file entry04.csv (CSV, C-alpha atoms)
chain,number,residue,atom,x,y,z
A,1499,MET,CA,-24.7,3.5,-24.3
A,1500,LYS,CA,-21.6,5.7,-24.0
A,1501,ILE,CA,-19.0,4.0,-21.9
A,1502,GLU,CA,-16.0,5.8,-20.6
A,1503,VAL,CA,-12.9,4.4,-18.9
A,1504,LEU,CA,-11.2,6.9,-16.8
A,1505,GLY,CA,-7.5,6.4,-16.2
A,1506,THR,CA,-4.2,8.3,-16.4
A,1507,GLY,CA,-2.4,5.6,-18.3
A,1508,CYS,CA,-1.5,2.9,-15.7
A,1509,ALA,CA,-1.6,-0.8,-16.7
A,1510,LYS,CA,-4.9,-1.5,-15.0
A,1511,CYS,CA,-6.6,1.4,-16.8
A,1512,LYS,CA,-5.5,0.0,-20.2
A,1513,ALA,CA,-6.7,-3.4,-19.2
A,1514,LEU,CA,-10.1,-2.1,-18.2
A,1515,GLU,CA,-10.5,-0.4,-21.6
A,1516,GLU,CA,-9.9,-3.7,-23.3
A,1517,VAL,CA,-12.4,-5.4,-21.0
A,1518,ALA,CA,-15.0,-2.8,-21.7
A,1519,LYS,CA,-14.5,-3.2,-25.5
A,1520,GLU,CA,-14.9,-7.0,-25.2
A,1521,ALA,CA,-18.0,-6.5,-23.1
A,1522,ILE,CA,-19.8,-4.3,-25.7
A,1523,SER,CA,-18.9,-6.7,-28.5
A,1524,LYS,CA,-21.2,-9.2,-26.6
A,1525,LEU,CA,-24.1,-6.8,-26.5
A,1526,GLU,CA,-26.6,-5.9,-29.2
A,1527,GLY,CA,-27.0,-2.3,-30.4
A,1528,PHE,CA,-24.5,0.4,-30.8
A,1529,HIS,CA,-22.2,1.3,-27.9
A,1530,SER,CA,-19.0,3.2,-27.7
A,1531,VAL,CA,-16.0,2.9,-25.4
A,1532,GLU,CA,-13.9,6.0,-24.9
A,1533,LYS,CA,-10.7,6.3,-22.8
A,1534,VAL,CA,-10.5,9.5,-20.8
A,1535,GLU,CA,-7.0,10.3,-19.8
A,1536,ASP,CA,-7.3,14.0,-19.2
A,1537,ILE,CA,-6.9,14.4,-15.5
A,1538,MET,CA,-9.1,17.5,-15.3
A,1539,LYS,CA,-12.0,15.5,-16.9
A,1540,ILE,CA,-11.5,12.7,-14.5
A,1541,MET,CA,-11.7,15.1,-11.7
A,1542,GLU,CA,-15.0,16.4,-13.0
A,1543,TYR,CA,-16.5,13.0,-12.4
A,1544,GLY,CA,-15.5,13.1,-8.8
A,1545,VAL,CA,-13.2,10.1,-9.2
A,1546,VAL,CA,-10.0,9.9,-7.2
A,1547,SER,CA,-9.0,6.3,-7.7
A,1548,THR,CA,-8.5,4.9,-11.2
A,1549,PRO,CA,-9.4,3.0,-13.3
A,1550,ALA,CA,-13.1,4.0,-13.2
A,1551,LEU,CA,-16.0,3.0,-15.3
A,1552,VAL,CA,-18.6,5.5,-16.4
A,1553,VAL,CA,-21.8,4.6,-18.2
A,1554,ASP,CA,-23.8,7.4,-19.8
A,1555,GLY,CA,-22.2,9.9,-17.5
A,1556,GLU,CA,-22.7,7.9,-14.3
A,1557,VAL,CA,-19.8,6.6,-12.3
A,1558,LYS,CA,-20.3,2.8,-11.8
A,1559,SER,CA,-17.0,1.6,-10.4
A,1560,THR,CA,-13.8,3.1,-9.2
A,1561,GLY,CA,-10.3,1.9,-8.3
A,1562,LYS,CA,-10.6,-1.6,-9.7
A,1563,LEU,CA,-10.1,-3.7,-12.7
A,1564,LEU,CA,-13.4,-5.4,-13.5
A,1565,ASN,CA,-13.7,-8.5,-15.6
A,1566,VAL,CA,-15.9,-8.9,-18.7
A,1567,ASP,CA,-18.8,-10.5,-16.7
A,1568,GLU,CA,-18.8,-7.7,-14.2
A,1569,VAL,CA,-18.9,-5.0,-16.9
A,1570,LEU,CA,-21.7,-6.8,-18.7
A,1571,LYS,CA,-23.7,-7.0,-15.5
A,1572,ILE,CA,-23.2,-3.2,-14.9
A,1573,LEU,CA,-24.2,-2.5,-18.5
A,1574,LYS,CA,-27.3,-4.6,-18.4
A,1575,ASN,CA,-28.7,-2.8,-15.3
B,868,MET,CA,0.9,-26.7,16.7
B,869,TRP,CA,2.0,-25.8,13.3
B,870,LYS,CA,5.6,-25.7,14.6
B,871,GLU,CA,5.3,-29.3,16.0
B,872,PHE,CA,3.9,-30.5,12.7
B,873,VAL,CA,6.8,-29.0,10.7
B,874,ASP,CA,9.3,-30.4,13.2
B,875,TYR,CA,7.7,-33.8,12.8
B,876,LEU,CA,7.9,-33.5,9.0
B,877,THR,CA,11.5,-32.5,8.7
B,878,VAL,CA,13.0,-34.5,11.6
B,879,GLU,CA,10.9,-37.7,11.6
B,880,LEU,CA,9.8,-38.0,8.0
B,881,LEU,CA,12.6,-36.5,6.1
B,882,GLY,CA,15.3,-37.4,8.7
B,883,LEU,CA,17.1,-34.1,8.6
B,884,SER,CA,19.3,-32.7,11.3
B,885,GLY,CA,21.8,-30.0,12.0
B,886,ARG,CA,22.0,-26.9,9.9
B,887,LEU,CA,20.2,-28.3,6.9
B,888,ASN,CA,17.3,-29.1,9.1
B,889,ASP,CA,17.4,-25.6,10.6
B,890,ALA,CA,17.2,-24.0,7.2
B,891,ILE,CA,14.5,-26.3,5.7
B,892,ASN,CA,12.4,-26.4,8.8
B,893,PHE,CA,12.5,-22.6,9.0
B,894,PHE,CA,11.6,-22.3,5.3
B,895,ILE,CA,8.6,-24.6,5.4
B,896,TYR,CA,7.3,-23.2,8.7
B,897,ASP,CA,7.7,-19.5,7.6
B,898,VAL,CA,6.4,-19.8,4.0
B,899,ILE,CA,3.2,-21.6,5.0
B,900,LYS,CA,2.6,-19.3,8.0
B,901,ILE,CA,3.1,-16.1,6.0
B,902,TRP,CA,1.0,-17.4,3.1
B,903,PHE,CA,-1.9,-18.2,5.5
B,904,LEU,CA,-1.7,-14.8,7.2
B,905,LEU,CA,-1.4,-13.0,3.9
B,906,LEU,CA,-4.6,-14.6,2.6
B,907,SER,CA,-6.6,-14.0,5.7
B,908,ILE,CA,-5.5,-10.4,6.5
B,909,VAL,CA,-5.7,-9.2,2.9
B,910,PHE,CA,-9.1,-10.8,2.7
B,911,VAL,CA,-10.4,-9.0,5.8
B,912,VAL,CA,-8.9,-5.6,4.7
B,913,SER,CA,-10.2,-5.8,1.2
B,914,TYR,CA,-13.7,-6.7,2.5
B,915,LEU,CA,-13.6,-3.7,4.8
B,916,ARG,CA,-12.5,-1.5,2.0
B,917,THR,CA,-15.5,-2.3,-0.1
B,918,HIS,CA,-17.3,0.0,2.4
B,919,PHE,CA,-14.6,2.7,2.4
B,920,ASN,CA,-13.4,3.6,-1.0
B,921,THR,CA,-11.2,6.6,-1.7
B,922,GLU,CA,-14.1,8.7,-2.9
B,923,TYR,CA,-15.9,8.1,0.4
B,924,VAL,CA,-12.8,9.1,2.3
B,925,ARG,CA,-12.5,12.3,0.3
B,926,ALA,CA,-16.2,13.3,1.0
B,927,TYR,CA,-15.7,12.5,4.7
B,928,LEU,CA,-12.5,14.5,5.1
B,929,GLN,CA,-13.9,17.6,3.4
B,930,GLY,CA,-14.3,20.5,5.8
B,931,LYS,CA,-12.6,18.8,8.7
B,932,SER,CA,-10.3,21.0,10.8
B,933,GLU,CA,-6.6,20.8,10.2
B,934,PHE,CA,-5.2,18.6,12.9
B,935,ALA,CA,-8.3,16.4,13.2
B,936,GLY,CA,-8.1,16.1,9.4
B,937,ASN,CA,-4.5,14.9,9.6
B,938,VAL,CA,-5.4,12.2,12.2
B,939,LEU,CA,-8.4,11.0,10.2
B,940,ALA,CA,-6.6,11.0,7.0
B,941,ALA,CA,-3.8,8.9,8.5
B,942,LEU,CA,-6.4,6.4,10.0
B,943,PHE,CA,-8.2,6.1,6.7
B,944,GLY,CA,-4.9,5.3,5.1
B,945,ILE,CA,-4.8,2.0,6.8
B,946,ILE,CA,-7.8,0.5,5.0
B,947,THR,CA,-8.1,2.4,1.8
B,948,PRO,CA,-6.4,0.9,-1.3
B,949,PHE,CA,-3.5,2.7,-2.7
B,950,CYS,CA,-1.6,2.1,-5.9
B,951,SER,CA,1.0,4.6,-6.8
B,952,CYS,CA,-0.5,4.8,-10.3
B,953,SER,CA,-3.5,6.6,-8.9
B,954,ALA,CA,-1.5,9.0,-6.8
B,955,ILE,CA,-2.2,11.9,-9.2
B,956,PRO,CA,-6.0,11.8,-9.3
B,957,LEU,CA,-6.0,11.2,-5.6
B,958,PHE,CA,-3.8,14.2,-4.9
B,959,LEU,CA,-5.6,16.6,-7.2
B,960,GLY,CA,-9.0,15.2,-6.1
B,961,PHE,CA,-8.3,16.0,-2.5
B,962,ILE,CA,-7.0,19.5,-3.3
B,963,GLN,CA,-10.1,20.1,-5.5
B,964,ALA,CA,-12.3,19.2,-2.5
B,965,ARG,CA,-10.5,21.9,-0.5
B,966,ILE,CA,-8.8,19.4,1.7
B,967,PRO,CA,-5.7,21.1,3.0
B,968,LEU,CA,-2.3,20.1,1.5
B,969,GLY,CA,-1.1,18.8,4.8
B,970,VAL,CA,-4.1,16.5,5.3
B,971,THR,CA,-3.7,15.2,1.8
B,972,PHE,CA,-0.1,14.3,2.6
B,973,SER,CA,-1.0,12.6,5.8
B,974,PHE,CA,-3.2,10.3,3.7
B,975,LEU,CA,-0.5,10.0,1.0
B,976,ILE,CA,2.1,8.9,3.6
B,977,SER,CA,-0.2,6.6,5.6
B,978,ALA,CA,-1.8,4.7,2.7
B,979,PRO,CA,1.3,3.0,1.4
B,980,LEU,CA,2.9,2.8,4.8
B,981,ASN,CA,0.0,0.9,6.4
B,982,ASN,CA,-0.8,-1.2,3.4
B,983,GLU,CA,-2.4,-4.6,4.0
B,984,ILE,CA,0.5,-6.6,2.5
B,985,ALA,CA,3.0,-5.0,4.8
B,986,ILE,CA,0.7,-5.5,7.8
B,987,ALA,CA,0.1,-9.1,7.0
B,988,MET,CA,3.9,-9.8,6.5
B,989,LEU,CA,4.8,-8.0,9.7
B,990,PHE,CA,2.1,-9.9,11.6
B,991,GLY,CA,3.2,-13.2,10.2
B,992,ILE,CA,6.9,-12.6,10.9
B,993,PHE,CA,7.1,-10.5,14.1
B,994,GLY,CA,3.7,-11.1,15.8
B,995,TRP,CA,1.0,-8.6,16.8
B,996,LYS,CA,3.2,-6.4,19.2
B,997,ILE,CA,5.6,-5.3,16.6
B,998,THR,CA,2.8,-4.9,14.1
B,999,ALA,CA,1.0,-2.6,16.5
B,1000,ILE,CA,4.1,-0.6,17.1
B,1001,TYR,CA,4.7,-0.3,13.4
B,1002,ILE,CA,1.2,0.9,12.7
B,1003,GLY,CA,1.3,3.2,15.7
B,1004,PHE,CA,4.5,4.9,14.8
B,1005,GLY,CA,3.5,4.8,11.1
B,1006,LEU,CA,0.4,6.8,12.0
B,1007,LEU,CA,2.5,9.3,14.0
B,1008,VAL,CA,4.8,9.8,11.1
B,1009,ALA,CA,1.9,10.3,8.7
B,1010,ILE,CA,0.0,12.7,11.1
B,1011,PHE,CA,3.0,14.9,12.0
B,1012,GLY,CA,4.7,14.6,8.6
B,1013,GLY,CA,1.4,15.9,6.9
B,1014,TYR,CA,1.0,18.5,9.7
B,1015,PHE,CA,4.4,20.0,9.1
B,1016,ILE,CA,4.0,20.0,5.3
B,1017,GLY,CA,0.7,21.8,5.9
B,1018,ARG,CA,2.3,24.4,8.1
B,1019,MET,CA,5.0,25.2,5.5
B,1020,LYS,CA,2.5,26.8,3.0
B,1021,LEU,CA,3.7,24.9,0.0
B,1022,GLU,CA,0.6,25.2,-2.1
B,1023,LYS,CA,2.5,27.2,-4.7
B,1024,TYR,CA,4.5,24.1,-5.6
B,1025,ILE,CA,1.5,22.3,-7.1
B,1026,LEU,CA,2.1,22.7,-10.8
B,1027,LEU,CA,-1.5,22.3,-12.0
B,1028,ASP,CA,-4.1,24.8,-11.4
B,1029,VAL,CA,-6.9,23.0,-9.6
B,1030,LYS,CA,-10.1,24.8,-9.3
B,1031,PRO,CA,-11.6,24.3,-5.8
B,1032,MET,CA,-15.1,23.1,-6.1
B,1033,GLU,CA,-18.1,24.9,-4.7
B,1034,GLY,CA,-20.2,23.4,-2.0
B,1035,GLU,CA,-20.3,19.8,-0.7
B,1036,LEU,CA,-19.2,16.8,-2.7
B,1037,ASP,CA,-21.7,14.4,-4.0
B,1038,GLU,CA,-20.8,11.0,-2.8
B,1039,VAL,CA,-20.1,8.6,-5.5
B,1040,LYS,CA,-22.3,5.8,-4.3
B,1041,ILE,CA,-21.8,2.3,-5.6
B,1042,LYS,CA,-24.2,-0.2,-4.0
B,1043,LEU,CA,-23.0,-3.7,-3.5
B,1044,SER,CA,-24.6,-6.7,-1.8
B,1045,PHE,CA,-22.8,-8.7,0.9
B,1046,LYS,CA,-22.2,-11.5,-1.6
B,1047,GLU,CA,-20.7,-9.1,-4.1
B,1048,ARG,CA,-18.4,-7.7,-1.5
B,1049,VAL,CA,-17.2,-11.1,-0.4
B,1050,LYS,CA,-16.6,-12.0,-4.0
B,1051,GLU,CA,-14.7,-8.8,-4.7
B,1052,ALA,CA,-12.6,-9.3,-1.6
B,1053,LYS,CA,-11.8,-12.9,-2.5
B,1054,GLU,CA,-10.8,-12.0,-6.0
B,1055,TYR,CA,-8.6,-9.1,-4.8
B,1056,THR,CA,-6.9,-11.4,-2.3
B,1057,LEU,CA,-6.2,-14.1,-4.8
B,1058,ASP,CA,-4.9,-11.5,-7.2
B,1059,ILE,CA,-2.5,-10.1,-4.6
B,1060,PHE,CA,-1.4,-13.6,-3.6
B,1061,ARG,CA,-0.6,-14.6,-7.2
B,1062,LYS,CA,1.6,-11.5,-7.5
B,1063,ILE,CA,3.6,-12.0,-4.3
B,1064,TYR,CA,3.7,-15.6,-3.2
B,1065,LEU,CA,6.9,-16.2,-5.1
B,1066,TYR,CA,8.6,-13.1,-3.5
B,1067,VAL,CA,7.6,-14.5,-0.1
B,1068,MET,CA,9.3,-17.9,-1.0
B,1069,ILE,CA,12.4,-16.2,-2.3
B,1070,GLY,CA,12.6,-13.9,0.7
B,1071,VAL,CA,12.1,-16.6,3.2
B,1072,GLY,CA,14.5,-18.9,1.2
B,1073,VAL,CA,17.3,-16.4,1.4
B,1074,GLY,CA,16.4,-15.8,5.0
B,1075,ALA,CA,16.5,-19.5,5.7
B,1076,PHE,CA,20.0,-19.7,4.2
B,1077,ILE,CA,21.2,-16.8,6.4
B,1078,HIS,CA,19.4,-18.4,9.4
B,1079,GLY,CA,21.2,-21.7,8.9
B,1080,TYR,CA,24.6,-20.6,7.6
B,1081,ILE,CA,25.7,-17.0,8.3
B,1082,PRO,CA,27.0,-16.4,11.8
B,1083,ALA,CA,25.2,-13.8,14.0
B,1084,ASP,CA,28.2,-11.7,14.8
B,1085,PHE,CA,28.7,-10.9,11.1
B,1086,ILE,CA,25.4,-9.2,10.9
B,1087,ALA,CA,25.5,-7.7,14.3
B,1088,LYS,CA,28.8,-6.0,13.4
B,1089,TYR,CA,27.2,-4.1,10.5
B,1090,ALA,CA,23.6,-3.6,11.5
B,1091,GLY,CA,23.8,-3.9,15.3
B,1092,GLY,CA,24.1,-1.4,18.1
B,1093,ASP,CA,27.8,-0.7,17.4
B,1094,ASN,CA,27.1,1.1,14.2
B,1095,PRO,CA,25.6,4.5,14.9
B,1096,PHE,CA,24.6,5.1,11.3
B,1097,ALA,CA,22.8,1.8,11.0
B,1098,VAL,CA,19.3,3.4,11.0
B,1099,ILE,CA,20.2,6.0,8.3
B,1100,ILE,CA,21.8,3.4,6.1
B,1101,ALA,CA,18.7,1.1,6.5
B,1102,VAL,CA,16.4,3.9,5.5
B,1103,LEU,CA,18.5,4.8,2.4
B,1104,MET,CA,18.5,1.2,1.4
B,1105,GLY,CA,14.8,0.9,1.9
B,1106,ILE,CA,13.8,3.5,-0.7
B,1107,PRO,CA,14.4,1.6,-3.9
B,1108,MET,CA,12.8,-1.6,-2.6
B,1109,TYR,CA,9.2,-0.6,-2.7
B,1110,SER,CA,7.9,-3.3,-5.1
B,1111,ASN,CA,9.4,-6.1,-3.1
B,1112,ALA,CA,8.1,-5.5,0.4
B,1113,ALA,CA,6.9,-9.1,0.5
B,1114,GLY,CA,10.4,-10.4,-0.3
B,1115,VAL,CA,12.3,-8.0,1.9
B,1116,MET,CA,10.4,-8.5,5.2
B,1117,PRO,CA,11.4,-12.1,5.7
B,1118,LEU,CA,15.0,-11.1,5.4
B,1119,VAL,CA,14.5,-8.4,8.0
B,1120,GLU,CA,13.3,-11.1,10.4
B,1121,VAL,CA,16.4,-13.1,10.1
B,1122,LEU,CA,18.6,-10.0,10.4
B,1123,THR,CA,17.0,-9.1,13.7
B,1124,SER,CA,17.3,-12.6,15.0
B,1125,LYS,CA,21.0,-12.3,14.2
B,1126,GLY,CA,21.5,-9.1,16.1
B,1127,MET,CA,20.2,-6.2,14.0
B,1128,LEU,CA,18.4,-3.8,16.4
B,1129,LEU,CA,14.6,-3.7,16.1
B,1130,GLY,CA,14.5,0.0,15.7
B,1131,THR,CA,16.8,-0.3,12.7
B,1132,ALA,CA,14.6,-3.0,11.2
B,1133,LEU,CA,11.5,-0.9,11.8
B,1134,SER,CA,13.0,2.1,10.1
B,1135,PHE,CA,14.0,-0.1,7.2
B,1136,MET,CA,10.6,-1.6,6.7
B,1137,MET,CA,8.9,1.9,6.9
B,1138,ALA,CA,11.3,3.2,4.3
B,1139,VAL,CA,10.5,0.3,2.0
B,1140,THR,CA,6.8,1.0,2.1
B,1141,ALA,CA,6.5,4.8,2.6
B,1142,LEU,CA,9.3,6.1,0.4
B,1143,SER,CA,8.7,4.9,-3.0
B,1144,LEU,CA,10.7,6.1,-6.0
B,1145,PRO,CA,8.1,5.2,-8.6
B,1146,GLU,CA,5.5,7.2,-6.7
B,1147,ALA,CA,7.9,10.2,-6.6
B,1148,MET,CA,8.4,10.0,-10.3
B,1149,ILE,CA,4.6,10.0,-10.9
B,1150,LEU,CA,4.0,12.9,-8.5
B,1151,LYS,CA,6.7,14.9,-10.3
B,1152,LYS,CA,4.3,15.5,-13.1
B,1153,ILE,CA,2.1,17.6,-10.9
B,1154,LEU,CA,4.3,18.7,-8.0
B,1155,HIS,CA,7.5,20.8,-8.0
B,1156,ILE,CA,10.6,18.8,-7.2
B,1157,ARG,CA,11.1,20.9,-4.1
B,1158,LEU,CA,7.8,19.7,-2.6
B,1159,ILE,CA,8.6,16.1,-3.4
B,1160,GLY,CA,12.0,16.6,-1.8
B,1161,LEU,CA,10.5,18.1,1.3
B,1162,PHE,CA,7.9,15.2,1.4
B,1163,PHE,CA,10.7,12.6,1.2
B,1164,GLY,CA,12.9,14.6,3.6
B,1165,ILE,CA,10.3,15.0,6.3
B,1166,VAL,CA,9.0,11.4,6.1
B,1167,GLY,CA,12.6,10.1,6.0
B,1168,LEU,CA,13.6,12.1,9.1
B,1169,GLY,CA,10.4,10.9,10.9
B,1170,ILE,CA,11.3,7.3,10.1
B,1171,ILE,CA,14.9,7.7,11.1
B,1172,GLY,CA,13.7,9.3,14.4
B,1173,VAL,CA,11.4,6.3,15.0
B,1174,GLY,CA,14.4,4.0,14.5
B,1175,TYR,CA,16.7,5.8,16.9
B,1176,LEU,CA,14.0,6.3,19.5
B,1177,PHE,CA,13.2,2.6,19.4
B,1178,ASN,CA,16.8,1.5,19.6
B,1179,ALA,CA,17.3,3.8,22.6
B,1180,ILE,CA,14.2,2.5,24.4
B,1181,LEU,CA,14.8,-1.3,24.0
call {"tool": "encode", "arguments": {"input": "entry04.csv", "output": "structure tokens"}}
result
Amino acid sequence: MKIEVLGTGCAKCKALEEVAKEAISKLEGFHSVEKVEDIMKIMEYGVVSTPALVVDGEVKSTGKLLNVDEVLKILKN
Amino acid sequence: MWKEFVDYLTVELLGLSGRLNDAINFFIYDVIKIWFLLLSIVFVVSYLRTHFNTEYVRAYLQGKSEFAGNVLAALFGIITPFCSCSAIPLFLGFIQARIPLGVTFSFLISAPLNNEIAIAMLFGIFGWKITAIYIGFGLLVAIFGGYFIGRMKLEKYILLDVKPMEGELDEVKIKLSFKERVKEAKEYTLDIFRKIYLYVMIGVGVGAFIHGYIPADFIAKYAGGDNPFAVIIAVLMGIPMYSNAAGVMPLVEVLTSKGMLLGTALSFMMAVTALSLPEAMILKKILHIRLIGLFFGIVGLGIIGVGYLFNAIL
């Protein structure tokens, strides 16, 4: 899975990136976490409140800092 | 009932009296009351907001006529979350959806002004009437502030070139069950509470000290009706205090009980929440300083107007 964390650099966005990395380390298989800071790219996803979590191009959560369990739950669905 | 219990505690059990009793009684009474209201109001608001995220608001506002858009944007500002760190995506996202600049500003003024912490604090400290007046005038400032900014044709001051999108927005739909919503609201509430409970204690603590020890005429002399510039000074003082709304509001209560006029207090509280320096710094990356100046100027004047109007009526 390709996981993207959208955020312009605020503290919550960095925290969500860490959470996402921790979450994939608990999963089997190969997954990547990428931080997207380019505001124009964030716009393309239709996201207006950051941080947001995008899995394989689909927006799964916006405007909140999830914890590891929540990210795992999203990834397993 | 809560009042009687605290009276019993400080007078009967602790055997306090006089000024010391005033201060401690006031402290315990206020801290617990405000904590309770913070927890309950923030919980209700954050539950509601699981239904109305900012993406939803944007899709809803798209294509609304100008004035109706200003009114709706201001109303949505009450329940949607707002953190100044997401001011840029929010601003650009609205412009991208062809939402007029003025409507975007109505939202940008209302969201921090009517935030749940400020509302909970006001409700705990001043009761529902003042809270309703604050929200009502706050909405007016957001509606008309945004409207005037929209009339001034300032689009050229947006520094980034945002391509307006074609057609209608796809709604970003995130489905949650009732249980998940409650859980999310609970976690958000506790998170907020952990961040501000100490500020509430400090604010009320300093307030309790003033309440017990500083004479009323001292404050009335500087912040009361005799000083014609009180409202303006209050607004200027409110601008740098954004992050500490929870600590500042208990002080305002004491100042009003010691003779500061209510309009002055109202202006001050609105300046604390609506005019935030960190937000201005963030917006400076994408907006010309002139637009930010006008934004602060118009909102500031609106807030000052509310203060004088209120002082004149009461």
call {"tool": "residues_around", "arguments": {"input": "entry04.csv", "residues": "Leu1006 of chain B", "least_positions_apart": "3", "cutoff": "10 Å", "atoms": "all atoms listed in the file", "output": "list in words"}}
result
Asn937, Val938, Leu939, Ala940, Ala941, Leu942, Gly944, Ile945, Ser973, Phe974, Ile976, Ser977, Ala978, Leu980, Asn981, Ile1000, Tyr1001, Ile1002, Gly1003, Ala1009, Ile1010, Phe1011 and Gly1012 of chain B
call {"tool": "residues_near_point", "arguments": {"input": "entry04.csv", "point": "(-13.1, 19.2, -10.0)", "cutoff": "7 Å", "atoms": "only C-alpha atoms", "output": "PyMOL selection string"}}
result
(chain A and resi 1538+1541-1542+1544) or (chain B and resi 960+963+1030-1032)
call {"tool": "closest_residue", "arguments": {"input": "entry04.csv", "among": "A:Asp1567, A:Glu1535, A:Asp1554, A:Glu1520", "to": "Cys1508 of chain A", "atoms": "all atoms listed in the file"}}
result
A:Glu1535
call {"tool": "residues_around", "arguments": {"input": "entry04.csv", "residues": "Ile992 of chain B", "least_positions_apart": "3", "cutoff": "7 Å", "atoms": "all atoms listed in the file", "output": "list in words"}}
result
Met988, Leu989, Pro1117 and Glu1120 of chain B
call {"tool": "closest_atom_pairs", "arguments": {"input": "entry04.csv", "of": "chain B", "to": "chain A", "cutoff": "10 Å", "atoms": "only C-alpha atoms", "output": "JSON lines"}}
result
{"residue": "B:Asn920", "atom": "CA", "partner": "A:Gly1561", "partner_atom": "CA", "distance": 8.1}
{"residue": "B:Thr921", "atom": "CA", "partner": "A:Ser1547", "partner_atom": "CA", "distance": 6.4}
{"residue": "B:Glu922", "atom": "CA", "partner": "A:Val1546", "partner_atom": "CA", "distance": 6.1}
{"residue": "B:Tyr923", "atom": "CA", "partner": "A:Val1546", "partner_atom": "CA", "distance": 9.8}
{"residue": "B:Val924", "atom": "CA", "partner": "A:Val1546", "partner_atom": "CA", "distance": 9.9}
{"residue": "B:Arg925", "atom": "CA", "partner": "A:Val1546", "partner_atom": "CA", "distance": 8.3}
{"residue": "B:Ala926", "atom": "CA", "partner": "A:Gly1544", "partner_atom": "CA", "distance": 9.8}
{"residue": "B:Pro948", "atom": "CA", "partner": "A:Gly1561", "partner_atom": "CA", "distance": 8.1}
{"residue": "B:Phe949", "atom": "CA", "partner": "A:Ser1547", "partner_atom": "CA", "distance": 8.3}
{"residue": "B:Cys950", "atom": "CA", "partner": "A:Ser1547", "partner_atom": "CA", "distance": 8.7}
{"residue": "B:Ser951", "atom": "CA", "partner": "A:Cys1508", "partner_atom": "CA", "distance": 9.4}
{"residue": "B:Cys952", "atom": "CA", "partner": "A:Cys1508", "partner_atom": "CA", "distance": 5.8}
{"residue": "B:Ser953", "atom": "CA", "partner": "A:Ser1547", "partner_atom": "CA", "distance": 5.6}
{"residue": "B:Ala954", "atom": "CA", "partner": "A:Ser1547", "partner_atom": "CA", "distance": 8.0}
{"residue": "B:Ile955", "atom": "CA", "partner": "A:Ile1537", "partner_atom": "CA", "distance": 8.2}
{"residue": "B:Pro956", "atom": "CA", "partner": "A:Val1546", "partner_atom": "CA", "distance": 4.9}
{"residue": "B:Leu957", "atom": "CA", "partner": "A:Val1546", "partner_atom": "CA", "distance": 4.5}
{"residue": "B:Phe958", "atom": "CA", "partner": "A:Val1546", "partner_atom": "CA", "distance": 7.9}
{"residue": "B:Leu959", "atom": "CA", "partner": "A:Met1541", "partner_atom": "CA", "distance": 7.7}
{"residue": "B:Gly960", "atom": "CA", "partner": "A:Val1546", "partner_atom": "CA", "distance": 5.5}
{"residue": "B:Phe961", "atom": "CA", "partner": "A:Val1546", "partner_atom": "CA", "distance": 7.9}
{"residue": "B:Gln963", "atom": "CA", "partner": "A:Met1541", "partner_atom": "CA", "distance": 8.1}
{"residue": "B:Ala964", "atom": "CA", "partner": "A:Gly1544", "partner_atom": "CA", "distance": 9.3}
{"residue": "B:Leu1027", "atom": "CA", "partner": "A:Met1538", "partner_atom": "CA", "distance": 9.6}
{"residue": "B:Asp1028", "atom": "CA", "partner": "A:Met1538", "partner_atom": "CA", "distance": 9.7}
{"residue": "B:Val1029", "atom": "CA", "partner": "A:Met1538", "partner_atom": "CA", "distance": 8.2}
{"residue": "B:Lys1030", "atom": "CA", "partner": "A:Met1538", "partner_atom": "CA", "distance": 9.5}
{"residue": "B:Met1032", "atom": "CA", "partner": "A:Glu1542", "partner_atom": "CA", "distance": 9.6}
{"residue": "B:Leu1036", "atom": "CA", "partner": "A:Gly1544", "partner_atom": "CA", "distance": 8.0}
{"residue": "B:Asp1037", "atom": "CA", "partner": "A:Gly1544", "partner_atom": "CA", "distance": 7.9}
{"residue": "B:Glu1038", "atom": "CA", "partner": "A:Gly1544", "partner_atom": "CA", "distance": 8.3}
{"residue": "B:Val1039", "atom": "CA", "partner": "A:Val1557", "partner_atom": "CA", "distance": 7.1}
{"residue": "B:Lys1040", "atom": "CA", "partner": "A:Lys1558", "partner_atom": "CA", "distance": 8.3}
{"residue": "B:Ile1041", "atom": "CA", "partner": "A:Lys1558", "partner_atom": "CA", "distance": 6.4}
{"residue": "B:Lys1042", "atom": "CA", "partner": "A:Lys1558", "partner_atom": "CA", "distance": 9.2}
{"residue": "B:Glu1051", "atom": "CA", "partner": "A:Leu1564", "partner_atom": "CA", "distance": 9.5}
{"residue": "B:Tyr1055", "atom": "CA", "partner": "A:Lys1562", "partner_atom": "CA", "distance": 9.2}
call {"tool": "atom_distance", "arguments": {"input": "entry04.csv", "atom1": "atom CA of Leu1181 of chain B", "atom2": "atom CA of Leu1128 of chain B"}}
result
8.8 Å
call {"tool": "residues_around", "arguments": {"input": "entry04.csv", "residues": "segment 1064-1066 of chain B", "least_positions_apart": "3", "cutoff": "9 Å", "atoms": "only C-alpha atoms", "output": "PyMOL selection string"}}
result
chain B and resi 898+902+1059-1061+1069-1071+1111-1115
call {"tool": "atom_distance", "arguments": {"input": "entry04.csv", "atom1": "atom CA of Asn888 of chain B", "atom2": "atom CA of Phe990 of chain B"}}
result
24.6 Å
call {"tool": "residues_around", "arguments": {"input": "entry04.csv", "residues": "Ile1016 of chain B", "least_positions_apart": "4", "cutoff": "10 Å", "atoms": "all atoms listed in the file", "output": "NGL selection string"}}
result
:B and (968-973 or 1011-1012 or 1020-1022 or 1158 or 1161-1162 or 1165-1166)
call {"tool": "closest_residue", "arguments": {"input": "entry04.csv", "among": "B:Ala935, B:Val1119, B:Ala1132, B:Leu1007", "to": "Ile1100 of chain B", "atoms": "all atoms listed in the file"}}
result
B:Ala1132
